[in-house]
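File shown: query13.cif (mmCIF, C-alpha atoms).
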```cif
data_start
loop_
_atom_site.label_atom_id
_atom_site.label_comp_id
_atom_site.auth_asym_id
_atom_site.auth_seq_id
_atom_site.Cartn_x
_atom_site.Cartn_y
_atom_site.Cartn_z
CA MET A 4 -14.82 -17.69 9.24
CA LEU A 5 -15.66 -14.13 8.30
CA LYS A 6 -17.39 -11.77 10.70
CA ILE A 7 -18.06 -8.33 9.25
CA ILE A 8 -19.05 -5.29 11.30
CA LYS A 9 -22.84 -5.08 11.51
CA LYS A 10 -23.26 -1.52 12.78
CA ILE A 11 -20.90 1.27 11.79
CA ASP A 12 -20.57 4.93 12.60
CA LYS A 13 -20.32 7.06 9.49
CA ASN A 14 -17.21 8.67 10.96
CA LYS A 15 -15.49 5.35 11.62
CA ASP A 16 -12.37 4.53 9.60
CA ILE A 17 -13.64 1.82 7.25
CA ASP A 18 -11.83 0.66 4.12
CA ALA A 19 -14.94 -0.73 2.46
CA VAL A 20 -18.65 -0.40 3.20
CA ILE A 21 -21.31 -2.82 2.01
CA ILE A 22 -24.63 -0.99 1.63
CA GLY A 23 -27.83 -3.02 1.90
CA ALA A 24 -30.64 -1.69 -0.29
CA GLY A 25 -33.45 -4.25 -0.10
CA TYR A 26 -35.86 -2.50 -2.44
CA SER A 27 -38.18 -4.77 -4.41
CA LYS A 28 -41.26 -2.81 -5.50
CA SER A 29 -40.09 -2.91 -9.12
CA PHE A 30 -39.82 -6.61 -9.89
CA SER A 31 -40.89 -8.99 -12.65
CA PHE A 32 -41.87 -12.66 -12.40
CA ARG A 33 -40.45 -13.62 -8.94
CA SER A 34 -40.55 -11.42 -5.85
CA GLY A 35 -38.27 -11.64 -2.82
CA ALA A 36 -35.32 -9.41 -3.74
CA GLU A 37 -35.94 -7.32 -0.63
CA LYS A 38 -34.44 -10.24 1.32
CA GLY A 39 -31.33 -10.42 -0.85
CA PRO A 40 -28.99 -8.14 1.16
CA SER A 41 -29.68 -9.73 4.55
CA GLU A 42 -29.34 -13.28 3.19
CA ILE A 43 -26.09 -12.45 1.38
CA ILE A 44 -24.72 -10.96 4.60
CA LYS A 45 -25.64 -14.15 6.49
CA ALA A 46 -23.56 -16.14 4.00
CA PHE A 47 -20.80 -13.52 4.17
CA ASP A 48 -20.79 -13.67 7.97
CA ASN A 49 -20.85 -17.37 8.67
CA ASN A 50 -19.67 -19.46 5.75
CA MET A 51 -16.76 -17.77 4.00
CA GLU A 52 -13.11 -18.66 4.19
CA ILE A 53 -11.07 -15.48 4.56
CA TYR A 54 -7.93 -16.77 2.82
CA ASP A 55 -7.80 -15.78 -0.86
CA ARG A 56 -6.09 -18.43 -2.99
CA PHE A 57 -5.52 -16.15 -5.98
CA THR A 58 -3.44 -13.59 -4.06
CA ASP A 59 -2.14 -15.71 -1.16
CA THR A 60 -3.49 -13.12 1.29
CA ILE A 61 -6.09 -12.83 4.03
CA PRO A 62 -7.78 -9.53 3.10
CA TYR A 63 -10.09 -9.59 6.11
CA ASP A 64 -7.07 -9.45 8.42
CA ILE A 65 -5.68 -6.46 6.53
CA TYR A 66 -8.75 -4.26 6.01
CA ASN A 67 -11.81 -3.00 7.89
CA PHE A 68 -15.15 -4.01 6.38
CA GLY A 69 -18.50 -2.55 7.41
CA TYR A 70 -22.17 -3.13 6.61
CA PHE A 71 -24.85 -0.44 6.57
CA ASP A 72 -28.46 -1.44 5.92
CA ILE A 73 -30.88 1.22 4.60
CA LYS A 74 -33.83 0.64 6.92
CA ASN A 75 -37.42 0.72 5.67
CA ILE A 76 -36.36 1.44 2.10
CA ASN A 77 -39.08 -0.84 0.71
CA LYS A 78 -41.73 1.56 2.04
CA LEU A 79 -40.53 4.34 -0.27
CA SER A 80 -41.60 5.27 -3.78
CA PRO A 81 -39.09 4.52 -6.54
CA ASP A 82 -38.05 8.18 -6.61
CA GLY A 83 -37.65 8.17 -2.83
CA ALA A 84 -35.56 5.01 -2.94
CA VAL A 85 -33.23 6.48 -5.58
CA LYS A 86 -32.77 9.59 -3.45
CA ILE A 87 -31.96 7.78 -0.20
CA ILE A 88 -29.55 5.40 -1.95
CA SER A 89 -27.65 8.32 -3.47
CA GLU A 90 -27.55 10.13 -0.13
CA THR A 91 -26.34 7.01 1.68
CA HIS A 92 -23.45 6.63 -0.76
CA ASN A 93 -22.53 10.25 -0.17
CA GLY A 94 -22.35 9.60 3.58
CA PHE A 95 -19.54 7.06 3.07
CA GLU A 96 -17.60 8.86 0.36
CA ASP A 97 -14.20 8.12 1.95
CA SER A 98 -14.70 4.34 1.71
CA PHE A 99 -14.94 1.98 -1.23
CA LEU A 100 -18.64 1.15 -1.63
CA LEU A 101 -20.40 -2.00 -2.77
CA MET A 102 -24.19 -2.11 -2.71
CA LEU A 103 -26.36 -5.20 -2.37
CA GLY A 104 -29.89 -5.14 -3.83
CA GLY A 105 -32.81 -5.40 -4.08
CA THR A 106 -33.94 -5.23 -7.68
CA HIS A 107 -31.60 -3.75 -10.27
CA MET A 108 -33.51 -0.49 -9.95
CA VAL A 109 -31.42 0.36 -6.85
CA SER A 110 -28.38 0.92 -9.09
CA ILE A 111 -29.99 4.15 -10.35
CA GLY A 112 -29.31 5.67 -6.92
CA ALA A 113 -25.65 4.67 -7.14
CA TYR A 114 -25.38 6.07 -10.67
CA ASP A 115 -26.83 9.35 -9.43
CA TYR A 116 -24.13 9.54 -6.74
CA TYR A 117 -21.22 8.70 -9.06
CA SER A 118 -22.50 11.03 -11.82
CA LYS A 119 -21.97 13.90 -9.38
CA LYS A 120 -18.61 12.67 -8.08
CA TYR A 121 -17.06 12.05 -11.53
CA ASN A 122 -17.56 13.15 -15.12
CA PRO A 123 -19.83 10.33 -16.40
CA LYS A 124 -18.27 10.51 -19.85
CA GLU A 125 -15.02 9.33 -18.23
CA VAL A 126 -16.69 6.33 -16.55
CA THR A 127 -17.89 3.03 -18.02
CA ILE A 128 -20.53 0.90 -16.34
CA LEU A 129 -19.60 -2.76 -16.84
CA GLN A 130 -22.91 -4.62 -16.62
CA ILE A 131 -23.10 -8.39 -16.08
CA ASP A 132 -26.71 -9.25 -16.88
CA ALA A 133 -29.06 -11.45 -18.87
CA HIS A 134 -31.03 -8.37 -19.97
CA PRO A 135 -29.93 -4.99 -21.42
CA ASP A 136 -32.38 -3.06 -19.17
CA LEU A 137 -32.57 -0.18 -21.67
CA ARG A 138 -36.32 0.42 -21.84
CA ASP A 139 -37.36 4.04 -21.40
CA ASP A 140 -40.26 2.90 -19.24
CA THR A 141 -42.32 -0.23 -18.58
CA SER A 142 -45.57 0.81 -20.28
CA ASP A 143 -45.35 -2.07 -22.79
CA TYR A 144 -45.95 -4.74 -20.14
CA LYS A 145 -47.03 -3.18 -16.83
CA LYS A 146 -47.80 0.16 -15.17
CA ALA A 147 -45.45 2.74 -16.64
CA SER A 148 -42.38 3.52 -14.54
CA LYS A 149 -39.02 5.04 -15.45
CA ASN A 150 -37.28 3.97 -12.23
CA ASP A 151 -37.60 0.23 -12.79
CA HIS A 152 -35.16 -2.65 -13.08
CA ALA A 153 -35.93 -2.84 -16.82
CA CYS A 154 -34.88 0.81 -17.25
CA VAL A 155 -31.80 0.99 -15.03
CA MET A 156 -29.19 1.10 -17.79
CA ARG A 157 -31.24 3.61 -19.81
CA ARG A 158 -31.16 5.95 -16.82
CA GLY A 159 -27.41 5.43 -16.40
CA HIS A 160 -26.78 6.11 -20.09
CA GLU A 161 -28.87 9.28 -19.94
CA MET A 162 -26.64 10.49 -17.11
CA GLY A 163 -23.72 10.24 -19.54
CA PHE A 164 -22.06 6.94 -18.62
CA ASN A 165 -20.54 4.62 -21.23
CA ILE A 166 -21.87 1.05 -21.02
CA VAL A 167 -20.38 -2.38 -21.72
CA GLN A 168 -22.86 -5.25 -21.33
CA VAL A 169 -21.79 -8.86 -20.76
CA GLY A 170 -23.91 -12.03 -20.72
CA ILE A 171 -26.93 -10.58 -22.54
CA ARG A 172 -29.18 -13.36 -23.87
CA THR A 173 -32.70 -11.93 -24.09
CA ILE A 174 -33.43 -8.57 -25.71
CA SER A 175 -36.62 -6.58 -26.22
CA ILE A 176 -37.16 -4.64 -29.43
CA TYR A 177 -36.79 -1.45 -27.36
CA ASP A 178 -33.38 -2.56 -26.09
CA HIS A 179 -32.28 -3.54 -29.59
CA LYS A 180 -33.26 -0.17 -31.07
CA TYR A 181 -31.53 1.80 -28.32
CA ILE A 182 -28.28 -0.20 -28.57
CA SER A 183 -28.19 0.24 -32.36
CA GLU A 184 -28.61 4.00 -32.01
CA ASN A 185 -25.88 4.59 -29.40
CA LYS A 186 -22.21 3.96 -30.19
CA ASN A 187 -21.06 4.18 -26.57
CA ILE A 188 -23.02 1.03 -25.64
CA LYS A 189 -21.14 -2.22 -26.34
CA CYS A 190 -23.26 -5.36 -26.00
CA PHE A 191 -21.68 -8.81 -25.71
CA GLU A 192 -24.45 -11.32 -26.34
CA TRP A 193 -24.16 -14.87 -25.02
CA GLY A 194 -25.11 -17.80 -27.25
CA ARG A 195 -24.70 -15.83 -30.46
CA GLY A 196 -21.33 -16.29 -32.13
CA THR A 197 -18.08 -17.00 -30.30
CA GLN A 198 -18.00 -16.17 -26.60
CA PRO A 199 -15.63 -13.23 -26.02
CA THR A 200 -12.48 -13.69 -23.99
CA VAL A 201 -12.00 -11.79 -20.76
CA ASP A 202 -9.29 -9.73 -22.46
CA GLU A 203 -11.69 -8.77 -25.28
CA ILE A 204 -14.17 -7.45 -22.75
CA ILE A 205 -11.55 -5.46 -20.86
CA CYS A 206 -10.20 -4.01 -24.12
CA SER A 207 -13.71 -2.85 -25.06
CA ILE A 208 -13.77 -0.57 -22.00
CA LYS A 209 -12.34 2.74 -23.24
CA THR A 210 -12.24 4.59 -19.91
CA ASP A 211 -9.96 4.02 -16.95
CA LYS A 212 -12.71 4.44 -14.37
CA VAL A 213 -15.30 1.66 -14.19
CA TYR A 214 -18.40 0.96 -12.12
CA LEU A 215 -19.35 -2.73 -11.93
CA THR A 216 -23.00 -3.76 -11.71
CA ILE A 217 -23.77 -7.47 -11.40
CA ASP A 218 -27.33 -8.62 -11.89
CA ILE A 219 -27.08 -12.14 -10.51
CA ASP A 220 -29.16 -13.43 -13.43
CA GLY A 221 -26.17 -12.63 -15.63
CA LEU A 222 -24.58 -15.82 -14.32
CA ASP A 223 -25.65 -19.26 -15.43
CA PRO A 224 -28.60 -20.36 -13.22
CA ALA A 225 -26.54 -23.42 -12.31
CA HIS A 226 -24.54 -21.06 -10.08
CA ALA A 227 -27.28 -18.61 -9.08
CA PRO A 228 -30.85 -19.88 -9.57
CA ALA A 229 -32.60 -17.68 -6.99
CA THR A 230 -33.37 -14.52 -8.93
CA GLY A 231 -36.39 -12.67 -10.25
CA THR A 232 -36.08 -13.54 -13.95
CA PRO A 233 -33.73 -16.51 -14.44
CA ILE A 234 -32.59 -17.09 -18.03
CA PRO A 235 -30.82 -20.28 -19.23
CA GLY A 236 -27.15 -19.92 -20.10
CA GLY A 237 -25.02 -17.09 -18.78
CA LEU A 238 -21.54 -16.59 -17.38
CA GLU A 239 -19.78 -19.60 -15.90
CA TRP A 240 -18.39 -19.26 -12.40
CA PHE A 241 -14.66 -19.28 -13.10
CA TYR A 242 -15.13 -17.00 -16.13
CA THR A 243 -16.92 -14.50 -13.86
CA GLN A 244 -14.17 -14.59 -11.25
CA SER A 245 -11.50 -14.19 -13.93
CA LEU A 246 -13.32 -11.19 -15.41
CA ILE A 247 -13.51 -9.50 -12.01
CA ARG A 248 -9.83 -10.11 -11.28
CA LYS A 249 -8.73 -8.77 -14.65
CA LEU A 250 -11.07 -5.77 -14.43
CA ILE A 251 -9.69 -4.67 -11.07
CA GLU A 252 -6.11 -5.31 -12.17
CA LYS A 253 -6.40 -3.24 -15.35
CA LYS A 254 -8.93 -0.54 -14.46
CA ASP A 255 -9.82 1.87 -11.65
CA LEU A 256 -12.93 0.37 -10.06
CA ILE A 257 -14.83 3.24 -8.42
CA GLY A 258 -17.80 1.28 -7.04
CA ALA A 259 -19.92 -1.82 -7.51
CA ASP A 260 -23.23 -3.51 -6.81
CA ILE A 261 -24.70 -7.02 -6.80
CA VAL A 262 -28.47 -7.13 -7.30
CA GLU A 263 -31.52 -9.33 -7.98
CA VAL A 264 -30.83 -12.07 -5.43
CA ALA A 265 -34.31 -13.35 -4.49
CA PRO A 266 -33.60 -16.23 -2.05
CA PHE A 267 -35.28 -19.63 -2.21
CA LYS A 268 -36.34 -21.39 0.98
CA ASP A 269 -33.79 -24.04 2.07
CA ASP A 270 -31.36 -23.18 -0.75
CA VAL A 271 -28.36 -20.92 -0.10
CA LEU A 272 -26.40 -21.33 -3.35
CA THR A 273 -27.29 -17.95 -4.86
CA GLN A 274 -26.57 -15.87 -1.76
CA TYR A 275 -23.31 -17.75 -1.20
CA THR A 276 -22.32 -17.07 -4.81
CA ALA A 277 -23.12 -13.37 -4.32
CA ALA A 278 -21.24 -13.24 -1.01
CA THR A 279 -18.16 -14.77 -2.63
CA LEU A 280 -18.26 -12.21 -5.44
CA CYS A 281 -18.67 -9.47 -2.85
CA TYR A 282 -15.56 -10.58 -0.93
CA ASN A 283 -13.59 -10.98 -4.17
CA ILE A 284 -14.42 -7.46 -5.34
CA LEU A 285 -13.65 -5.81 -2.01
CA SER A 286 -10.43 -7.76 -1.50
CA TYR A 287 -8.92 -7.14 -4.93
CA LYS A 288 -9.95 -3.48 -4.99
CA LEU A 289 -8.31 -2.75 -1.63
CA LEU A 290 -5.18 -4.73 -2.47
CA LYS A 291 -4.96 -2.81 -5.76
CA ARG A 292 -5.38 0.49 -3.89
CA ASP A 293 -2.37 -0.33 -1.73
CA ASN A 294 -0.23 -1.73 -4.59
CA LYS A 295 -0.48 -5.22 -3.08
CA LEU A 296 -2.49 -6.92 -5.83
CA ASN A 297 -0.28 -9.78 -6.98
CA TYR A 298 -2.02 -12.83 -8.41
CA ILE A 299 -0.20 -16.13 -7.91
#
```
Please render this file's structure as structure tokens.
Amino acid sequence: MLKIIKKIDKNKDIDAVIIGAGYSKSFSFRSGAEKGPSEIIKAFDNNMEIYDRFTDTIPYDIYNFGYFDIKNINKLSPDGAVKIISETHNGFEDSFLLMLGGTHMVSIGAYDYYSKKYNPKEVTILQIDAHPDLRDDTSDYKKASKNDHACVMRRGHEMGFNIVQVGIRTISIYDHKYISENKNIKCFEWGRGTQPTVDEIICSIKTDKVYLTIDIDGLDPAHAPATGTPIPGGLEWFYTQSLIRKLIEKKDLIGADIVEVAPFKDDVLTQYTAATLCYNILSYKLLKRDNKLNYI
């Protein structure tokens, strides 16, 4: 079973770093996302088989994985959380980085980091999510905030990133208006028309570089029920895995995050689902980096 490194030196030679960002001040409906990273790591540590059946490899035996938890992040303001997340990414710039949230708001910090490392116009954010998250602020339903999970993709788009959204199945009028006004946002709605194939989604991404953000509520709640705002429907499990494999095969994945896991008591399905996705992403990215990505 998998045992990742719990404490790492920033100068240590690590192929991939998992960053824990348990920030949950900006949540809707259900709280608890601050516990997401630690619970996902528990599943990652104790319950995962390290053999990958799609590549016939044992990535954990080939690569060095590390975990770095941002301590006391939930005590910060939203602006402070964005700043520390961006700075933490910068501290591990020689490793492939995957962040665990926390609410989706934490992705703003990652976007800030990658917007400085690359030209955002040459990067697409592939968003798996039930919601577009394109509000300018949250004044229509709670205290106004621009650094909120409902605004995360709006902030990323304002930085200059292209956006492809997958699994969307509930849209506010503000989201709808913003999508209709911006040609570099492609929205694949679920439950409206024919479900797109994985190849159709990949073909819609016009840049080589891609950042992957997975709000766990983008999946069908049958696979991941423990989240802040669960919505019926969503991506099926094997479809999700296929999309990730094809994305990493065809594109240059520069970073990723998995957010909005809000664990239930005595139910580990959601964190195990997230941990499996985490291992898949890290494994295929590193195998691709070394020209060893061969699916069987």
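Residues lying within 9 Å of Lys189 (chain A), counting all atoms listed in the file and ignoring same-chain neighbours fewer than 2 positions away, are A:Asn165, A:Ile166, A:Val167, A:Gln168, A:Val169, A:Ile182, A:Asn185, A:Lys186, A:Asn187, A:Phe191, A:Ser207, A:Ile208.
Of the residues under consideration (A:Asn150, A:Gln130, A:Asn93, A:Asn49), A:Gln130 shows the shortest atom-to-atom contact distance to Ile188 (chain A) when counting all atoms listed in the file.
Relative to CA of Ile257 (chain A), CA of Lys120 (chain A) is found at 10.2 Å.
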Selection under test: the PyMOL selection byres ((chain A and resi 46) around 10); residues as a PyMOL selection string: chain A and resi 5+41-45+47-51+271-279
Could you list the residues chosen by the PyMOL selection byres ((chain A and resi 17) around 8) in this structure as a PyMOL selection string? chain A and resi 15-16+18-20+66-69+98
I'd like the neighbourhood of region 152-155 of chain A as a ChimeraX atom specification, where a residue qualifies if any of its atoms comes within 7 Å (using all atoms listed in the file), though same-chain residues fewer than 5 positions away should be ignored. /A:29-30,106-108,110-111,136-140
